[in-house]
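Chemist: The structure follows.
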Amino acid sequence: MNPFHLAIPVDDLAAARQFYGAVLGCPEGRSSETWIDFDFHGHQLVVHKAPKSAIHRNPVDGDSVPVPHFGLVMDWAGWEALGNRIRHAGLAFEMEPHVRFAGKPGEQGTFFLFDPAGNALEFKAMRHPENLFTKQA
C-alpha cells in the first residue's frame, strides 16, 4: 500500500512538534521555519504554520464526530497502546476510547482528540479488519 500525504494547518510549530513527536511518537523528517514533516505510522504528515480553522460535527452511531478529521486504522493492540500513551501524557480525549457499531460488520474501537492547533484526529481499530469497507446491512 502506498503512503498518503496530508498537510494540515497548525498555529504553533513547537506545540505540534511536542504533540506529534513526543506524545504520538512520530519521527520528525525535514522541516523549515514554516513546516515540519512527520512519519505518521508510515505516512507523510506535514504541519504548516497557518491560522486555525473551524470544526463542525456530524452524528455517527450516537457520537458527535468532529469534521474535518484524520487519523489511522490500527491493529487492536496498537490502538489500545496509543490510547494509554495519550492518557499517560495527560491529554484530554475529545471522545474517550469506546466501541462503535457493536455487533455490526463495522464494529470498531475509536477515540478522538485535538492537536494543539485544534485539528481533530481519530484513531480506530476494527474488530474484523477485513470489514473496513463493508457496507452496513
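Labeling convention for the C-alpha cells: chains A, B, ... as they appear, residues from 1 per chain, ligands from 1 in order of appearance.
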Using only C-alpha atoms, which protein or nucleic acid residues come within 12 Å of Thr134 (chain A)? Drop anything in the same chain fewer than 3 positions from it, and give the result as a PDB file with C-alpha atoms, in the first residue's frame.
Modeler:
```
ATOM      1  CA  LYS A 104     -22.186  -4.952  13.118  1.00  0.00           C
ATOM      2  CA  PRO A 105     -19.673  -5.545  10.314  1.00  0.00           C
ATOM      3  CA  GLY A 106     -18.083  -2.149  11.013  1.00  0.00           C
ATOM      4  CA  GLU A 107     -17.547  -2.778  14.745  1.00  0.00           C
ATOM      5  CA  MET A 126     -11.551  -2.756  13.517  1.00  0.00           C
ATOM      6  CA  HIS A 128     -12.572  -7.543  11.929  1.00  0.00           C
ATOM      7  CA  PRO A 129     -10.141  -5.553   9.726  1.00  0.00           C
ATOM      8  CA  GLU A 130     -11.407  -7.279   6.587  1.00  0.00           C
ATOM      9  CA  ASN A 131     -14.694  -5.378   7.092  1.00  0.00           C
ATOM     10  CA  ALA A 137     -26.886  -4.001   6.438  1.00  0.00           C
TER      11      ALA A 137
END
```
Chemist: Name the residues of chain A that fall into strand (DSSP E) according to DSSP on the backbone, using the chain letters and numbers of this document, as an NGL selection string.
Modeler: :A and (5-10 or 28-31 or 35-40 or 43-49 or 56-60 or 63-67 or 69-74 or 95-100 or 108-114 or 120-126)
Chemist: Keeping C-alpha atoms for every residue in the selection just given, could you write it to a file as a PDB file, in the first residue's frame?
Modeler:
```
ATOM      1  CA  HIS A   5       0.487  12.629   2.223  1.00  0.00           C
ATOM      2  CA  LEU A   6      -1.551  15.069   4.284  1.00  0.00           C
ATOM      3  CA  ALA A   7      -0.747  18.704   5.050  1.00  0.00           C
ATOM      4  CA  ILE A   8      -2.610  20.393   7.913  1.00  0.00           C
ATOM      5  CA  PRO A   9      -2.532  23.868   9.466  1.00  0.00           C
ATOM      6  CA  VAL A  10      -1.052  24.478  12.912  1.00  0.00           C
ATOM      7  CA  GLU A  28      10.415  14.030  12.533  1.00  0.00           C
ATOM      8  CA  GLY A  29      11.667  14.338   8.956  1.00  0.00           C
ATOM      9  CA  ARG A  30      12.520  17.521   7.081  1.00  0.00           C
ATOM     10  CA  SER A  31      11.478  20.902   8.411  1.00  0.00           C
ATOM     11  CA  TRP A  35       6.549  23.469   8.276  1.00  0.00           C
ATOM     12  CA  ILE A  36       7.571  20.063   9.714  1.00  0.00           C
ATOM     13  CA  ASP A  37       7.322  16.580   8.154  1.00  0.00           C
ATOM     14  CA  PHE A  38       6.393  13.664  10.421  1.00  0.00           C
ATOM     15  CA  ASP A  39       6.407   9.915   9.796  1.00  0.00           C
ATOM     16  CA  PHE A  40       2.798   9.239  10.795  1.00  0.00           C
ATOM     17  CA  HIS A  43       2.521   8.118   6.077  1.00  0.00           C
ATOM     18  CA  GLN A  44       3.741  11.648   5.438  1.00  0.00           C
ATOM     19  CA  LEU A  45       2.062  14.210   7.662  1.00  0.00           C
ATOM     20  CA  VAL A  46       3.181  17.796   7.163  1.00  0.00           C
ATOM     21  CA  VAL A  47       2.201  20.513   9.610  1.00  0.00           C
ATOM     22  CA  HIS A  48       2.246  24.011   8.109  1.00  0.00           C
ATOM     23  CA  LYS A  49       2.127  27.178  10.178  1.00  0.00           C
ATOM     24  CA  HIS A  56     -18.134  21.143  12.542  1.00  0.00           C
ATOM     25  CA  ARG A  57     -19.813  17.995  13.891  1.00  0.00           C
ATOM     26  CA  ASN A  58     -21.844  15.161  12.349  1.00  0.00           C
ATOM     27  CA  PRO A  59     -23.697  12.338  14.139  1.00  0.00           C
ATOM     28  CA  VAL A  60     -22.175   8.835  13.754  1.00  0.00           C
ATOM     29  CA  ASP A  63     -21.320  10.156  18.621  1.00  0.00           C
ATOM     30  CA  SER A  64     -20.863  13.799  17.637  1.00  0.00           C
ATOM     31  CA  VAL A  65     -17.907  13.446  15.264  1.00  0.00           C
ATOM     32  CA  PRO A  66     -15.685  16.464  14.547  1.00  0.00           C
ATOM     33  CA  VAL A  67     -15.322  17.297  10.842  1.00  0.00           C
ATOM     34  CA  HIS A  69     -10.673  14.951  10.970  1.00  0.00           C
ATOM     35  CA  PHE A  70      -7.999  12.455  10.020  1.00  0.00           C
ATOM     36  CA  GLY A  71      -6.284   9.540  11.696  1.00  0.00           C
ATOM     37  CA  LEU A  72      -5.331   5.909  11.424  1.00  0.00           C
ATOM     38  CA  VAL A  73      -6.913   2.487  11.371  1.00  0.00           C
ATOM     39  CA  MET A  74      -4.652   0.459  13.647  1.00  0.00           C
ATOM     40  CA  MET A  95     -14.178  11.306  22.678  1.00  0.00           C
ATOM     41  CA  GLU A  96     -12.951   8.621  25.086  1.00  0.00           C
ATOM     42  CA  PRO A  97     -11.932   5.212  23.685  1.00  0.00           C
ATOM     43  CA  HIS A  98     -15.058   3.137  23.121  1.00  0.00           C
ATOM     44  CA  VAL A  99     -16.626   0.600  20.730  1.00  0.00           C
ATOM     45  CA  ARG A 100     -18.863   1.855  17.943  1.00  0.00           C
ATOM     46  CA  GLN A 108     -14.585  -0.688  15.828  1.00  0.00           C
ATOM     47  CA  GLY A 109     -12.823   0.830  18.756  1.00  0.00           C
ATOM     48  CA  THR A 110     -12.459   4.576  18.308  1.00  0.00           C
ATOM     49  CA  PHE A 111     -11.277   7.699  20.075  1.00  0.00           C
ATOM     50  CA  PHE A 112     -10.830  11.332  19.088  1.00  0.00           C
ATOM     51  CA  LEU A 113      -8.587  14.106  20.303  1.00  0.00           C
ATOM     52  CA  PHE A 114      -7.466  17.506  19.102  1.00  0.00           C
ATOM     53  CA  ALA A 120      -9.262  16.653  15.067  1.00  0.00           C
ATOM     54  CA  LEU A 121      -7.699  13.174  14.950  1.00  0.00           C
ATOM     55  CA  GLU A 122      -9.467   9.811  15.081  1.00  0.00           C
ATOM     56  CA  PHE A 123      -7.715   6.559  15.872  1.00  0.00           C
ATOM     57  CA  LYS A 124      -9.656   3.362  15.354  1.00  0.00           C
ATOM     58  CA  ALA A 125      -9.202  -0.387  15.315  1.00  0.00           C
ATOM     59  CA  MET A 126     -11.551  -2.756  13.517  1.00  0.00           C
TER      60      MET A 126
END
```
Chemist: Mind checking DSSP for region 33-103 of chain A and telling me the alpha helix (DSSP H) residues as a ChimeraX atom specification?
Modeler: /A:76-88
Chemist: Calculated over only C-alpha atoms, which of the candidates A:Glu94, A:Asp115, A:Glu33, A:Asp75 has the smallest distance to Lys52 (chain A)?
Modeler: A:Asp115
Chemist: As an exercise, work out the distance from CA of Gly118 (chain A) to CA of Gly78 (chain A) in Å and give it to one decimal place.
Modeler: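 About the pair CA of Gly118 (chain A) and CA of Gly78 (chain A): they are 23.8 Å apart.
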